[in-house]
Amino acid sequence: MSEGQGSVLQFPRQTDLTIIKEGRTKIIVPRRSMEAPNPPKQPGFFNPLAEICRDVSVALTRVVAKRLGVGVSVGDPLSSLGARGLRIAVEAPEVDEVHMNDLNPSALACAEEAARLNNVVEKCRFSNLDACLFLMQHSRKGSRFNLVDIDPFGSPALFVDCGLRAVKNGGLLSVTATDSPVLCGLHPEVALRRYGGVSLRVDYSHEIGARLLAALVVKEAARLDLAAVPVFAHTRRLYTRVFFRVVHDVEQASAMLGNLGFINHCYRCNNRVVSPSMLKECSCGATLRSAGPVWIHRLCDPDLVKEAQGLPSPSEKSEIKALFNMALQEADMPPYYYLLDKEAKRIRAAPPKLQRVLDLLVSQGYLASRTSFDPKGFKTDARANVVHEATKKAVRA
Ligand SMILES: C[S@@+](CC[C@H](N)C(=O)[O-])C[C@H]1O[C@@H](n2cnc3c(N)ncnc32)[C@H](O)[C@@H]1O
Ligand SMILES: [Zn+2]
């Protein structure tokens, strides 16, 4: 069943392991991952806080696999203990094969044992290779996957090229980044090197980070004559994640580059302007600072997300329905948001009810919604000065 160099996988019996259930899947994890704030990397890494992230993977995989039909395969090149791959094998009956790969043999051995516990051994393949080598072995026509998930420690920049090459036409690539300080504007020189663009330290940095990550994948895909179309994105404090439909179409690949641009921010009046190239001056006279090049178009495919929303929740506590709901509401909103507590701070007041601000903006003819990027955030097409006035009014009400 195992392939690759480390085919004799040693199950780490001496270690303090435990079996947990996430969704409907049993996963073997180090006991300490459930207790410590920083989960250990040995004998394998498991972050219980990323459950929602795996819930989303299972749901979107199911929708895409259902659309594709028979013979659907998934590649999980950085699988660790197999939390994501196993959940797909167990909870996505539409998927026929899941290939889990990791450099860490003890993590793979746990994944293999858990596949037995979950009765999905026939669906699962295991290999112990460098992720790029694994993906390149699946980069030829006939050996590609329908879905590939890139979930490394830190930046995924190293794995994007080979990940794209290993996805079949019409398949899905999902990419996670956990270098949030870089994506959120703390280290512009590192962001430029890894992502080919810069972020800004602003209230909506998390969205800029997701859009910077999306831009990297779109550019890498275009270089390979592929179109990578963002279909869903979400962030939590620890990670940023974007899903792409990969299309083998040269013209579409070129057209995608037209959706890259800049978000120009004014630190004096809080104004934000989206443009194809960098802008220098704000209408208030102050100098604008630019984030980009970032993806400035939709991050959500409403048809895909609506279908995923219709699936049963993986568990009672899952927040997945609310997340999909918010993503649908903000699909056509501008590529930035405001933070309620920061807006209230500008007028030295306690934050009013978020719904009150949204209602006031809508009553003035603007679009307004919550955002999946931050529970205290909201999006609107109103200018910053209108948001400011609406917040004041909501505080007084
Ligand atoms: C964040 S963990 C993966 C978590 C897993 N996907 C999940 O959902 O629980 C990253 C994994 O990548 C593996 N890894 C790091 N560099 C690698 C490489 N070059 N090739 C293969 N695996 C690698 C590590 O051993 C680790 O298990
Ligand atoms: Zn200004």
# chains A, B, ... in the order shown; residues from 1 in each chain; ligands from 1
>>> closest_atom_pairs(of="range 30-76 of chain A", to="range 137-150 of chain A", cutoff="7 Å", atoms="only C-alpha atoms", output="Markdown table")
| residue | atom | partner | partner_atom | distance |
| --- | --- | --- | --- | --- |
| A:Val72 | CA | A:Asn146 | CA | 6.1 |
| A:Ser73 | CA | A:Phe145 | CA | 5.2 |
| A:Val74 | CA | A:Leu147 | CA | 4.7 |
| A:Gly75 | CA | A:Val148 | CA | 4.7 |
| A:Asp76 | CA | A:Asp149 | CA | 5.3 |
>>> residues_near_ligand(ligand="ligand 1", cutoff="8 Å", atoms="only C-alpha atoms and all ligand atoms", output="VMD selection string")
chain A and resid 41 44 to 47 50 54 76 to 85 101 to 104 107 128 to 132 149 to 154
>>> closest_residue(among="A:Ser277, A:Asn271, A:Thr391, A:Gln309", to="ligand 2", atoms="only C-alpha atoms and all ligand atoms")
A:Asn271
>>> residues_around(residues="range 338-347 of chain A", least_positions_apart="6", cutoff="6 Å", atoms="only C-alpha atoms", output="PyMOL selection string")
chain A and resi 376-378
>>> write_last_selection(atoms="N, CA, C and O atoms", output="CSV table (one decimal), in the first residue's frame")
chain,number,residue,atom,x,y,z
A,376,LYS,N,-15.5,41.2,13.7
A,376,LYS,CA,-15.9,42.6,14.0
A,376,LYS,C,-15.8,43.4,12.7
A,376,LYS,O,-15.9,44.7,12.8
A,377,GLY,N,-15.7,42.8,11.6
A,377,GLY,CA,-15.5,43.6,10.4
A,377,GLY,C,-16.8,43.7,9.6
A,377,GLY,O,-17.7,42.9,9.8
A,378,PHE,N,-16.8,44.7,8.7
A,378,PHE,CA,-18.0,44.8,7.8
A,378,PHE,C,-17.5,45.5,6.5
A,378,PHE,O,-16.5,46.2,6.4
>>> closest_residue(among="A:Val273, A:Ser313, A:Pro293, A:Ala382", to="ligand 2", atoms="only C-alpha atoms and all ligand atoms")
A:Val273
>>> residues_near_ligand(ligand="ligand 2", cutoff="10 Å", atoms="only C-alpha atoms and all ligand atoms", output="PyMOL selection string")
chain A and resi 265-273+281-288+384-385
>>> write_last_selection(atoms="C-alpha atoms", output="CSV table (one decimal), in the first residue's frame")
chain,number,residue,atom,x,y,z
A,265,HIS,CA,-4.8,53.3,1.4
A,266,CYS,CA,-4.8,56.7,3.0
A,267,TYR,CA,-3.6,56.7,6.6
A,268,ARG,CA,-5.0,60.2,7.1
A,269,CYS,CA,-8.6,59.9,6.1
A,270,ASN,CA,-9.0,56.1,6.0
A,271,ASN,CA,-10.0,56.2,2.3
A,272,ARG,CA,-9.3,53.1,0.1
A,273,VAL,CA,-9.0,53.2,-3.7
A,281,GLU,CA,-2.3,61.0,-3.8
A,282,CYS,CA,-5.6,60.8,-1.9
A,283,SER,CA,-8.4,63.2,-2.6
A,284,CYS,CA,-7.6,64.6,0.9
A,285,GLY,CA,-4.1,65.6,-0.3
A,286,ALA,CA,-2.2,62.9,1.8
A,287,THR,CA,0.1,60.4,0.2
A,288,LEU,CA,-1.5,57.0,-0.5
A,384,ALA,CA,-14.6,56.1,4.5
A,385,ASN,CA,-16.3,59.5,5.5
>>> residues_around(residues="Gly292 in chain A", least_positions_apart="5", cutoff="6 Å", atoms="only C-alpha atoms", output="NGL selection string")
:A and (197-198 or 262)
>>> write_last_selection(atoms="C-alpha atoms", output="CSV table (one decimal), in the first residue's frame")
chain,number,residue,atom,x,y,z
A,197,GLY,CA,3.9,41.9,-3.8
A,198,VAL,CA,3.5,43.8,-0.6
A,262,PHE,CA,-3.5,47.6,-6.1
>>> residues_around(residues="Thr176 in chain A", least_positions_apart="6", cutoff="10 Å", atoms="only C-alpha atoms", output="NGL selection string")
:A and (53 or 149-157 or 210 or 213 or 233-235 or 239-243)
>>> select_by_dssp(residues="range 85-132 of chain A", states="alpha helix (DSSP H)", output="list in words")
Gly85, Leu86, Arg87, Ile88, Ala89, Val90, Glu91, Pro105, Ser106, Ala107, Leu108, Ala109, Cys110, Ala111, Glu112, Glu113, Ala114, Ala115, Arg116, Leu117, Ala131 and Cys132 of chain A
>>> write_last_selection(atoms="C-alpha atoms", output="mmCIF file, in the first residue's frame")
data_model
loop_
_atom_site.group_PDB
_atom_site.id
_atom_site.type_symbol
_atom_site.label_atom_id
_atom_site.label_comp_id
_atom_site.auth_asym_id
_atom_site.auth_seq_id
_atom_site.Cartn_x
_atom_site.Cartn_y
_atom_site.Cartn_z
ATOM 1 C CA GLY A 85 -6.782 13.298 3.698
ATOM 2 C CA LEU A 86 -8.484 10.848 6.063
ATOM 3 C CA ARG A 87 -11.463 13.126 6.549
ATOM 4 C CA ILE A 88 -11.886 13.320 2.777
ATOM 5 C CA ALA A 89 -11.522 9.534 2.463
ATOM 6 C CA VAL A 90 -14.170 8.958 5.156
ATOM 7 C CA GLU A 91 -16.566 11.885 4.658
ATOM 8 C CA PRO A 105 7.476 8.692 8.378
ATOM 9 C CA SER A 106 6.066 8.516 11.919
ATOM 10 C CA ALA A 107 3.214 10.889 10.964
ATOM 11 C CA LEU A 108 2.461 8.735 7.931
ATOM 12 C CA ALA A 109 2.467 5.572 10.024
ATOM 13 C CA CYS A 110 -0.222 7.101 12.252
ATOM 14 C CA ALA A 111 -2.211 8.088 9.153
ATOM 15 C CA GLU A 112 -1.943 4.544 7.795
ATOM 16 C CA GLU A 113 -3.101 3.041 11.110
ATOM 17 C CA ALA A 114 -5.990 5.529 11.259
ATOM 18 C CA ALA A 115 -7.031 4.549 7.711
ATOM 19 C CA ARG A 116 -7.429 0.992 9.060
ATOM 20 C CA LEU A 117 -9.451 2.249 12.053
ATOM 21 C CA ALA A 131 6.262 17.107 -1.553
ATOM 22 C CA CYS A 132 7.631 18.557 -4.819
#
>>> atom_distance(atom1="CA of Leu186 in chain A", atom2="CA of Pro335 in chain A")
19.7 Å
>>> decode(residues="range 250-275 of chain A", atoms="N, CA and C atoms", output="short mmCIF file (atom, residue, chain, number, x, y, z; two decimals), in the first residue's frame")
data_model
loop_
_atom_site.label_atom_id
_atom_site.label_comp_id
_atom_site.auth_asym_id
_atom_site.auth_seq_id
_atom_site.Cartn_x
_atom_site.Cartn_y
_atom_site.Cartn_z
N VAL A 250 -5.13 28.83 -22.22
CA VAL A 250 -4.14 29.90 -22.33
C VAL A 250 -4.80 31.29 -22.30
N GLU A 251 -5.90 31.43 -23.04
CA GLU A 251 -6.54 32.76 -23.09
C GLU A 251 -7.08 33.15 -21.72
N GLN A 252 -7.68 32.19 -21.04
CA GLN A 252 -8.20 32.49 -19.69
C GLN A 252 -7.05 32.81 -18.74
N ALA A 253 -5.93 32.11 -18.95
CA ALA A 253 -4.75 32.37 -18.10
C ALA A 253 -4.30 33.81 -18.25
N SER A 254 -4.27 34.31 -19.50
CA SER A 254 -3.87 35.71 -19.72
C SER A 254 -4.89 36.66 -19.11
N ALA A 255 -6.18 36.34 -19.31
CA ALA A 255 -7.23 37.24 -18.82
C ALA A 255 -7.18 37.39 -17.31
N MET A 256 -6.76 36.34 -16.62
CA MET A 256 -6.71 36.39 -15.15
C MET A 256 -5.80 37.51 -14.66
N LEU A 257 -4.73 37.78 -15.43
CA LEU A 257 -3.77 38.80 -14.97
C LEU A 257 -4.42 40.20 -14.93
N GLY A 258 -5.49 40.38 -15.71
CA GLY A 258 -6.22 41.65 -15.69
C GLY A 258 -6.93 41.90 -14.37
N ASN A 259 -7.03 40.87 -13.53
CA ASN A 259 -7.70 41.03 -12.23
C ASN A 259 -6.71 41.24 -11.09
N LEU A 260 -5.47 41.56 -11.46
CA LEU A 260 -4.48 41.91 -10.43
C LEU A 260 -4.39 43.44 -10.38
N GLY A 261 -4.20 43.98 -9.21
CA GLY A 261 -4.12 45.44 -9.10
C GLY A 261 -3.67 45.85 -7.71
N PHE A 262 -4.02 47.07 -7.33
CA PHE A 262 -3.53 47.62 -6.06
C PHE A 262 -4.68 48.12 -5.21
N ILE A 263 -4.51 48.00 -3.90
CA ILE A 263 -5.44 48.63 -2.95
C ILE A 263 -4.63 49.76 -2.32
N ASN A 264 -5.05 51.00 -2.61
CA ASN A 264 -4.31 52.18 -2.15
C ASN A 264 -5.01 52.71 -0.91
N HIS A 265 -4.22 52.91 0.15
CA HIS A 265 -4.81 53.26 1.44
C HIS A 265 -4.31 54.63 1.92
N CYS A 266 -5.23 55.44 2.43
CA CYS A 266 -4.84 56.73 3.00
C CYS A 266 -4.87 56.61 4.53
N TYR A 267 -3.71 56.78 5.14
CA TYR A 267 -3.62 56.68 6.60
C TYR A 267 -4.18 57.93 7.28
N ARG A 268 -4.40 59.01 6.50
CA ARG A 268 -4.96 60.21 7.13
C ARG A 268 -6.49 60.13 7.21
N CYS A 269 -7.17 59.89 6.07
CA CYS A 269 -8.64 59.93 6.09
C CYS A 269 -9.29 58.55 6.01
N ASN A 270 -8.47 57.48 5.98
CA ASN A 270 -8.98 56.10 5.99
C ASN A 270 -9.62 55.68 4.67
N ASN A 271 -9.41 56.50 3.64
CA ASN A 271 -9.97 56.20 2.32
C ASN A 271 -9.21 55.04 1.68
N ARG A 272 -9.92 54.26 0.86
CA ARG A 272 -9.28 53.15 0.14
C ARG A 272 -9.67 53.24 -1.33
N VAL A 273 -8.71 53.10 -2.23
CA VAL A 273 -9.01 53.17 -3.66
C VAL A 273 -8.39 51.96 -4.36
N VAL A 274 -9.21 51.25 -5.15
CA VAL A 274 -8.72 50.07 -5.88
C VAL A 274 -8.40 50.50 -7.31
N SER A 275 -7.23 50.11 -7.82
CA SER A 275 -6.81 50.58 -9.16
C SER A 275 -5.88 49.57 -9.82
#
